[in-house]
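Shown next, in structure tokens, is the structure this report addresses.
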Amino acid sequence: MQFIDLKAQYEVLKDEIDANIQSVLDSGQYMMGDHVKQLEKELAEYVGTKHCITCANGTDALQLALMVWNIKAGDAVFVPSFTFYSTAEVVSLLGATPIFVDTNPRTFNIDTVKLDQAIQKVKQEGKLTPKVIIPVDLFGQPADYESIRRIANKHKLYVLEDGAQGFGGTIDGKKACSFGDISTTSFFPAKPLGCYGDGGALFTDSDEYYELLTSLRVHGKGTFKYDNVRVGMNSRLDTLQAGILLPKLKAFKDHEMEKRNLFAKQYTMLLKEHVITPYVPEGMESSWAQYTILLRSEEERTFIQERLKKKQIPTMIYYPKPLHQQSVYQDYDFNLDELKECEHVAKVCLSLPMHPYLDTETVNYIANSLIECLKEYQNEK
Ligand SMILES: *Cc1c(COP(=O)(O)O)cnc(C)c1O
């Protein structure tokens with residue numbers, strides 16, 4: 001059994017993917033070919049933003065967005081501590097300071113009450129200038145953008161939605177990757193919409209940001225390619241990857257999101273009496289980048305994970321260490337918050353196999369095996 005079965009997906013989409021790869025090879029347009037333009041058009045349509053700009057990966061996408069706003073040393077950028085490293089890494093890379101905010105353990109997303117408190121504290125201290133909030137749609141669940149937008153307006157901050165895992169989720173029918181002033185996603189193979197290598201994209205309604213981003217992703221080019229007007233990056237999406245993503249986007253829209261939701265519901269129905277299952281607030285839909293449960297203790301989690309492994313059921317721990325506990329930030333003195341919730345969640349979270357090519361029998365088997373292991377653990381204690 002695979003944790004995320006990319007080969008099963010390829011078998012279903014093989015003819016279309018192979019044909020597109022061949023057409024890129026035949027065209028000779030390996031950089032910025034027609035497939036890239038077509039993909040950007042379809043992505044913007046699906047998400048519901050005016051513009052989509054593809055780039056080399058989801059980390060670059062975040063960095064490019066911060067470069068649009070000229071984020072630099074002395075700026076404070078508010079990020080959840082419970083996320084993948086990229087969200088804070090790009091802030092540090094540009095010389096700015098990430099301010100880590102605790103997690104709401106029910107949704108796994110940034111705690112908006114603590115976010116507001118953190119912004120106020122940074123303002124009071126007066127050492128850094130608050131500039132950006134980067135909410136993450138963790139595990140596919142959109143963050144609380146209603147509260148976040150209110151807080152951002154109050155403090156006059158930009159919102160950069162990190163939708164690397166969120167692509168496909170919705171709030172009141174509005175799609176993830178449309179909630180930021182700029183929003184980003186990743187096409188890393190294991191993400192909800194993945195390619196066969198690295199890839200990423202940015203979304204915005206702003207013509208001004210769009211113009212800047214098209215320049216920044218190609219070395220800060222001017223209207224004439226060999227006149228560079230600013231310092232940029234080399235961050236394009238390969239035409240081959242765009243060719244692979246086009247049929248995958250179609251499958252994502254046609255049936256994959258529906259399947260993800262079906263299997264997530266089934267897991268929740270079977271497991272809700274036994275563990276803490278993911279909570280999706282009213283009016284929201286998750287894209288189920290991960291299906292993550294909470295156990296009672298770290299010891300219980302270790303036991304369950306080992307027993308499931310013996311039954312050939314792969315599980316993952318996303319994430320074992322919140323960012324403020326990472327070695328890279330050990331000398332860091334900007335933890336304004338106690339960050340207790342994310343430290344606890346990191347000890348008891350466990351992600352189960354989740355992808356659209358599961359079937360009801362397999363989900364049954366995984367859930368029932370998990371319940372059995374929980375009973376064994378309780379009996380052994
Ligand atoms: C995967 C991921 C990224 C980075 O995307 P890459 O394409 O791997 O660079 C950023 N943020 C989050 C939350 C992610 O899960």
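Residues are named by chain letter and number: chains run A, B, ... in the order of the structure tokens, numbers start at 1 in each chain, and ligands are numbered from 1 in the order shown.
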Query raised in the report: Could you pull out the strand (DSSP E) residues of stretch 274-369 of chain A from DSSP and send them as a ChimeraX atom specification?
Result: /A:284-285,291-294,349-352
Report task. Just the helix (DSSP H, G or I) stuff from stretch 186-381 of chain A, please, per backbone DSSP, written as a PyMOL selection string. Result -> chain A and resi 207-216+239-271+298-310+323-325+327-329+340-348+360-380
Requested in this report: Between atom CA of A:Leu94 and atom CA of A:Ala76, measure the distance and give it in Å to one decimal.
Outcome: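 Interatomic distance here is 11.2 Å.
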Query raised in the report: Please, what distance in Å, to one decimal, runs between atom CA of A:Arg236 and atom CA of A:Leu323?
Result: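 So the answer is 28.0 Å.
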Report task. Name the closest residue to A:Leu271 among the candidates A:Asn364, A:Ser215, A:Thr239, A:Thr315; distances are taken between atoms, counting only C-alpha atoms. Result ->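 The answer is A:Asn364, which sits nearest to A:Leu271.
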Query raised in the report: Within 12 Å of A:Gly173, counting only C-alpha atoms, which residues qualify if same-chain residues fewer than 2 places away don't, as a VMD selection string?
Result: chain A and resid 46 to 48 142 168 to 171 175 to 176 178 282 to 286
Kindly export the residues of the current selection with all heavy atoms, as a CSV table (one decimal), in the first residue's frame.
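As a result, again-v9.csv now contains:
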```csv
chain,number,residue,atom,x,y,z
A,46,TYR,N,-10.1,28.3,-12.8
A,46,TYR,CA,-10.6,27.4,-11.8
A,46,TYR,C,-10.6,28.1,-10.4
A,46,TYR,O,-11.5,28.0,-9.7
A,46,TYR,CB,-9.7,26.1,-11.7
A,46,TYR,CG,-10.0,25.2,-10.6
A,46,TYR,CD1,-11.1,24.4,-10.6
A,46,TYR,CD2,-9.1,25.1,-9.5
A,46,TYR,CE1,-11.4,23.5,-9.6
A,46,TYR,CE2,-9.4,24.2,-8.5
A,46,TYR,CZ,-10.6,23.4,-8.5
A,46,TYR,OH,-10.9,22.6,-7.5
A,47,VAL,N,-9.5,28.8,-10.1
A,47,VAL,CA,-9.4,29.4,-8.8
A,47,VAL,C,-10.3,30.6,-8.7
A,47,VAL,O,-10.8,31.0,-7.6
A,47,VAL,CB,-7.9,29.7,-8.5
A,47,VAL,CG1,-7.7,30.7,-7.3
A,47,VAL,CG2,-7.1,28.5,-8.2
A,48,GLY,N,-10.5,31.3,-9.9
A,48,GLY,CA,-11.3,32.5,-9.9
A,48,GLY,C,-10.6,33.8,-9.6
A,48,GLY,O,-11.1,34.7,-9.0
A,142,PRO,N,-8.7,25.3,4.3
A,142,PRO,CA,-8.5,26.8,4.2
A,142,PRO,C,-8.4,27.4,5.6
A,142,PRO,O,-9.1,27.0,6.5
A,142,PRO,CB,-9.7,27.3,3.5
A,142,PRO,CG,-10.3,26.1,2.7
A,142,PRO,CD,-10.0,24.9,3.6
A,168,GLY,N,-7.8,23.6,-4.2
A,168,GLY,CA,-9.0,22.7,-4.4
A,168,GLY,C,-10.0,22.9,-3.2
A,168,GLY,O,-11.1,22.6,-3.3
A,169,GLY,N,-9.5,23.5,-2.1
A,169,GLY,CA,-10.4,23.7,-0.9
A,169,GLY,C,-11.3,24.9,-1.2
A,169,GLY,O,-11.0,25.7,-2.2
A,170,THR,N,-12.4,25.1,-0.4
A,170,THR,CA,-13.3,26.2,-0.7
A,170,THR,C,-13.8,26.8,0.7
A,170,THR,O,-13.8,26.1,1.7
A,170,THR,CB,-14.5,25.9,-1.5
A,170,THR,OG1,-15.2,24.9,-0.7
A,170,THR,CG2,-14.2,25.3,-2.8
A,171,ILE,N,-14.2,28.1,0.6
A,171,ILE,CA,-14.9,28.7,1.7
A,171,ILE,C,-16.1,29.4,1.0
A,171,ILE,O,-16.0,30.2,0.1
A,171,ILE,CB,-14.1,29.8,2.4
A,171,ILE,CG1,-12.8,29.3,3.0
A,171,ILE,CG2,-15.0,30.5,3.5
A,171,ILE,CD1,-11.9,30.3,3.6
A,175,LYS,N,-12.8,29.5,-4.1
A,175,LYS,CA,-11.7,28.6,-4.1
A,175,LYS,C,-10.5,29.1,-3.3
A,175,LYS,O,-10.2,30.3,-3.4
A,175,LYS,CB,-11.3,28.3,-5.5
A,175,LYS,CG,-12.3,27.5,-6.3
A,175,LYS,CD,-12.0,26.0,-6.3
A,175,LYS,CE,-13.0,25.1,-6.9
A,175,LYS,NZ,-14.1,25.6,-7.7
A,176,ALA,N,-9.8,28.1,-2.7
A,176,ALA,CA,-8.5,28.4,-2.1
A,176,ALA,C,-7.6,28.9,-3.2
A,176,ALA,O,-7.8,28.7,-4.4
A,176,ALA,CB,-7.9,27.2,-1.4
A,178,SER,N,-7.4,32.0,-3.7
A,178,SER,CA,-7.9,33.3,-4.1
A,178,SER,C,-8.1,34.2,-2.9
A,178,SER,O,-8.7,35.3,-3.0
A,178,SER,CB,-9.3,33.1,-4.8
A,178,SER,OG,-10.3,32.7,-3.8
A,282,GLU,N,-18.1,24.8,9.2
A,282,GLU,CA,-19.3,25.0,8.4
A,282,GLU,C,-18.9,25.9,7.2
A,282,GLU,O,-18.3,26.9,7.4
A,282,GLU,CB,-20.3,25.7,9.3
A,282,GLU,CG,-21.7,25.8,8.7
A,282,GLU,CD,-22.4,24.5,8.6
A,282,GLU,OE1,-22.2,23.6,9.4
A,282,GLU,OE2,-23.2,24.4,7.6
A,283,GLY,N,-19.4,25.5,6.0
A,283,GLY,CA,-19.1,26.4,4.8
A,283,GLY,C,-17.8,26.2,4.1
A,283,GLY,O,-17.5,26.7,3.1
A,284,MET,N,-16.9,25.3,4.8
A,284,MET,CA,-15.6,25.1,4.2
A,284,MET,C,-15.5,23.7,3.6
A,284,MET,O,-16.2,22.8,4.1
A,284,MET,CB,-14.5,25.3,5.2
A,284,MET,CG,-14.3,26.7,5.7
A,284,MET,SD,-12.7,26.9,6.4
A,284,MET,CE,-12.8,28.5,7.2
A,285,GLU,N,-14.6,23.6,2.6
A,285,GLU,CA,-14.3,22.2,2.1
A,285,GLU,C,-12.7,22.1,2.1
A,285,GLU,O,-12.1,23.1,1.7
A,285,GLU,CB,-14.7,22.1,0.6
A,285,GLU,CG,-16.2,21.8,0.5
A,285,GLU,CD,-16.6,21.8,-1.0
A,285,GLU,OE1,-16.1,22.6,-1.7
A,285,GLU,OE2,-17.4,20.9,-1.3
A,286,SER,N,-12.3,21.0,2.5
A,286,SER,CA,-10.8,20.7,2.5
A,286,SER,C,-10.5,20.0,1.2
A,286,SER,O,-11.3,19.3,0.6
A,286,SER,CB,-10.4,19.8,3.7
A,286,SER,OG,-9.1,19.5,3.6
```
Query - Non-local contacts of A:His51 (9 Å; only C-alpha atoms; under 3 positions in same chain excluded) as a PyMOL selection string - result: chain A and resi 40-41+43-45+48+202-207+210
Atoms kept (all heavy atoms) for selection, written as an mmCIF file, in the first residue's frame:
```
data_model
loop_
_atom_site.group_PDB
_atom_site.id
_atom_site.type_symbol
_atom_site.label_atom_id
_atom_site.label_comp_id
_atom_site.auth_asym_id
_atom_site.auth_seq_id
_atom_site.Cartn_x
_atom_site.Cartn_y
_atom_site.Cartn_z
ATOM 1 N N GLU A 40 -1.799 28.300 -17.201
ATOM 2 C CA GLU A 40 -2.034 29.511 -16.400
ATOM 3 C C GLU A 40 -3.464 30.002 -16.584
ATOM 4 O O GLU A 40 -4.123 30.413 -15.633
ATOM 5 C CB GLU A 40 -1.015 30.598 -16.772
ATOM 6 C CG GLU A 40 0.380 30.255 -16.257
ATOM 7 C CD GLU A 40 1.455 31.260 -16.641
ATOM 8 O OE1 GLU A 40 1.222 32.066 -17.588
ATOM 9 O OE2 GLU A 40 2.539 31.230 -16.011
ATOM 10 N N LYS A 41 -3.952 29.916 -17.810
ATOM 11 C CA LYS A 41 -5.316 30.341 -18.097
ATOM 12 C C LYS A 41 -6.317 29.446 -17.350
ATOM 13 O O LYS A 41 -7.227 29.935 -16.678
ATOM 14 C CB LYS A 41 -5.542 30.263 -19.619
ATOM 15 C CG LYS A 41 -6.862 30.789 -20.098
ATOM 16 C CD LYS A 41 -6.894 30.850 -21.631
ATOM 17 C CE LYS A 41 -8.312 30.911 -22.133
ATOM 18 N NZ LYS A 41 -8.937 29.579 -22.289
ATOM 19 N N LEU A 43 -5.799 27.502 -14.731
ATOM 20 C CA LEU A 43 -5.658 27.599 -13.268
ATOM 21 C C LEU A 43 -6.374 28.846 -12.740
ATOM 22 O O LEU A 43 -7.086 28.789 -11.742
ATOM 23 C CB LEU A 43 -4.180 27.637 -12.864
ATOM 24 C CG LEU A 43 -3.409 26.312 -12.952
ATOM 25 C CD1 LEU A 43 -1.914 26.561 -12.777
ATOM 26 C CD2 LEU A 43 -3.893 25.308 -11.912
ATOM 27 N N ALA A 44 -6.179 29.979 -13.450
ATOM 28 C CA ALA A 44 -6.825 31.227 -13.013
ATOM 29 C C ALA A 44 -8.353 31.083 -13.079
ATOM 30 O O ALA A 44 -9.068 31.518 -12.183
ATOM 31 C CB ALA A 44 -6.347 32.395 -13.864
ATOM 32 N N GLU A 45 -8.827 30.427 -14.131
ATOM 33 C CA GLU A 45 -10.273 30.201 -14.281
ATOM 34 C C GLU A 45 -10.818 29.353 -13.131
ATOM 35 O O GLU A 45 -11.837 29.676 -12.537
ATOM 36 C CB GLU A 45 -10.556 29.472 -15.595
ATOM 37 C CG GLU A 45 -10.974 30.400 -16.722
ATOM 38 C CD GLU A 45 -10.953 29.669 -18.065
ATOM 39 O OE1 GLU A 45 -11.198 28.438 -18.090
ATOM 40 O OE2 GLU A 45 -10.663 30.343 -19.073
ATOM 41 N N GLY A 48 -10.469 31.298 -9.854
ATOM 42 C CA GLY A 48 -11.323 32.480 -9.865
ATOM 43 C C GLY A 48 -10.571 33.766 -9.600
ATOM 44 O O GLY A 48 -11.114 34.718 -9.041
ATOM 45 N N LEU A 202 1.515 31.336 -8.670
ATOM 46 C CA LEU A 202 0.984 32.453 -7.879
ATOM 47 C C LEU A 202 -0.317 32.919 -8.501
ATOM 48 O O LEU A 202 -0.498 32.828 -9.728
ATOM 49 C CB LEU A 202 1.959 33.631 -7.877
ATOM 50 C CG LEU A 202 3.363 33.370 -7.341
ATOM 51 C CD1 LEU A 202 4.355 33.291 -8.474
ATOM 52 C CD2 LEU A 202 3.767 34.455 -6.351
ATOM 53 N N PHE A 203 -1.203 33.431 -7.646
ATOM 54 C CA PHE A 203 -2.510 33.909 -8.087
ATOM 55 C C PHE A 203 -2.735 35.309 -7.530
ATOM 56 O O PHE A 203 -2.426 35.559 -6.355
ATOM 57 C CB PHE A 203 -3.623 32.995 -7.564
ATOM 58 C CG PHE A 203 -3.503 31.578 -8.033
ATOM 59 C CD1 PHE A 203 -2.690 30.665 -7.365
ATOM 60 C CD2 PHE A 203 -4.194 31.146 -9.161
ATOM 61 C CE1 PHE A 203 -2.573 29.351 -7.804
ATOM 62 C CE2 PHE A 203 -4.087 29.835 -9.605
ATOM 63 C CZ PHE A 203 -3.274 28.936 -8.927
ATOM 64 N N THR A 204 -3.281 36.200 -8.351
ATOM 65 C CA THR A 204 -3.621 37.534 -7.857
ATOM 66 C C THR A 204 -4.652 38.193 -8.771
ATOM 67 O O THR A 204 -4.770 37.842 -9.953
ATOM 68 C CB THR A 204 -2.367 38.429 -7.732
ATOM 69 O OG1 THR A 204 -2.737 39.672 -7.139
ATOM 70 C CG2 THR A 204 -1.724 38.702 -9.084
ATOM 71 N N ASP A 205 -5.392 39.146 -8.209
ATOM 72 C CA ASP A 205 -6.305 39.966 -9.013
ATOM 73 C C ASP A 205 -5.643 41.269 -9.444
ATOM 74 O O ASP A 205 -6.202 42.016 -10.241
ATOM 75 C CB ASP A 205 -7.562 40.305 -8.197
ATOM 76 C CG ASP A 205 -8.483 39.103 -8.048
ATOM 77 O OD1 ASP A 205 -8.522 38.273 -8.989
ATOM 78 O OD2 ASP A 205 -9.134 38.969 -7.006
ATOM 79 N N SER A 206 -4.461 41.546 -8.905
ATOM 80 C CA SER A 206 -3.815 42.842 -9.143
ATOM 81 C C SER A 206 -2.976 42.828 -10.430
ATOM 82 O O SER A 206 -2.067 42.006 -10.583
ATOM 83 C CB SER A 206 -2.924 43.186 -7.946
ATOM 84 O OG SER A 206 -1.945 44.130 -8.310
ATOM 85 N N ASP A 207 -3.279 43.761 -11.341
ATOM 86 C CA ASP A 207 -2.477 43.886 -12.576
ATOM 87 C C ASP A 207 -1.046 44.297 -12.252
ATOM 88 O O ASP A 207 -0.096 43.841 -12.886
ATOM 89 C CB ASP A 207 -3.105 44.937 -13.507
ATOM 90 C CG ASP A 207 -4.495 44.524 -13.974
ATOM 91 O OD1 ASP A 207 -4.805 43.317 -13.948
ATOM 92 O OD2 ASP A 207 -5.274 45.419 -14.356
ATOM 93 N N TYR A 210 0.873 41.372 -10.961
ATOM 94 C CA TYR A 210 1.067 40.444 -12.078
ATOM 95 C C TYR A 210 2.249 40.878 -12.956
ATOM 96 O O TYR A 210 3.121 40.070 -13.287
ATOM 97 C CB TYR A 210 -0.215 40.357 -12.916
ATOM 98 C CG TYR A 210 -0.061 39.517 -14.159
ATOM 99 C CD1 TYR A 210 0.025 38.132 -14.073
ATOM 100 C CD2 TYR A 210 0.017 40.114 -15.421
ATOM 101 C CE1 TYR A 210 0.181 37.359 -15.215
ATOM 102 C CE2 TYR A 210 0.168 39.345 -16.561
ATOM 103 C CZ TYR A 210 0.250 37.967 -16.455
ATOM 104 O OH TYR A 210 0.418 37.206 -17.576
#
```
Query raised in the report: Any idea what's packed within 9 Å of A:Tyr318, counting only C-alpha atoms, ignoring anything in its chain fewer than 5 positions away? Could you give it as a list of chain:residue names?
Result: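 Listed by chain and then number, they are A:Phe82, A:Thr83, A:Phe84, A:Phe139, A:Gln290, A:Thr292, A:Ala346, A:Cys349, A:Leu350, A:Ser351.
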Ligand 1 neighbours within 6 Å using only C-alpha atoms and all ligand atoms, as a short mmCIF file (atom, residue, chain, number, x, y, z; two decimals) with C-alpha atoms, in the first residue's frame:
```cif
data_model
loop_
_atom_site.label_atom_id
_atom_site.label_comp_id
_atom_site.auth_asym_id
_atom_site.auth_seq_id
_atom_site.Cartn_x
_atom_site.Cartn_y
_atom_site.Cartn_z
CA ASN A 57 8.18 25.56 -7.13
CA GLY A 58 5.99 26.54 -4.19
CA THR A 59 8.89 27.96 -2.17
CA THR A 83 3.69 24.21 8.83
CA PHE A 84 6.33 23.10 6.35
CA SER A 86 9.28 26.95 3.37
CA THR A 87 6.65 29.29 4.82
CA VAL A 136 -1.22 28.34 5.47
CA ASP A 162 0.30 29.72 1.28
CA ALA A 164 0.71 24.72 -1.30
CA GLN A 165 -1.58 22.14 0.32
CA SER A 186 2.98 24.03 -5.15
CA PHE A 187 2.92 21.25 -7.73
CA PHE A 188 5.37 19.03 -5.84
CA ASP A 198 9.01 20.71 -9.04
CA GLY A 199 6.47 23.34 -9.96
CA GLY A 200 4.48 26.18 -8.42
#
```
Report task. Quick one: pull the distance between atom CA of A:Lys310 and atom CA of A:Gln9, Å, one decimal. Result ->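 These atoms are spaced 25.6 Å apart.
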Query raised in the report: Got a sec: who's within 9 Å of A:Ala118, counting only C-alpha atoms, leaving out chain neighbours fewer than 4 positions off, as an MDAnalysis selection string?
Result: chainID A and resid 78 99:101 113:114 122:123 336:337
Requested in this report: Excluding A:Gly232 and residues on its chain fewer than 2 positions from it, collect all residues at most 8 Å away from it, counting only C-alpha atoms, and give them as a PyMOL selection string.
Outcome: chain A and resi 215-221+230+234
Requested in this report: Give the answer as one residue: which of A:Thr107, A:Thr362, A:Thr184, A:Thr112 has the shortest atom-to-atom distance to A:Tyr145, using only C-alpha atoms?
Outcome: A:Thr112
Query - Closest of A:Leu294, A:Cys342, A:Asn261, A:Asp15 to A:Asn109 - atom-to-atom distances counting only C-alpha atoms - result: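 Among the listed residues, the smallest separation from A:Asn109 belongs to A:Cys342.
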Query raised in the report: Closest to A:Arg260 among A:Thr223, A:Gln312, A:Asn228, A:Thr360, using only C-alpha atoms?
Result: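 Result for the nearest residue to A:Arg260: A:Thr360.
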Query raised in the report: Which of these, A:Thr49, A:Thr214, A:Gln325, A:Thr54, has the shortest distance to A:Val36 once you count only C-alpha atoms?
Result: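 Of all the options, A:Thr54 lies closest to A:Val36.
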Query raised in the report: Pick the closest to A:Val348 from A:Pro105, A:Lys154, A:Gly194, A:Ala367: which is it, counting only C-alpha atoms?
Result: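 For A:Val348, the nearest of the given residues is A:Pro105.
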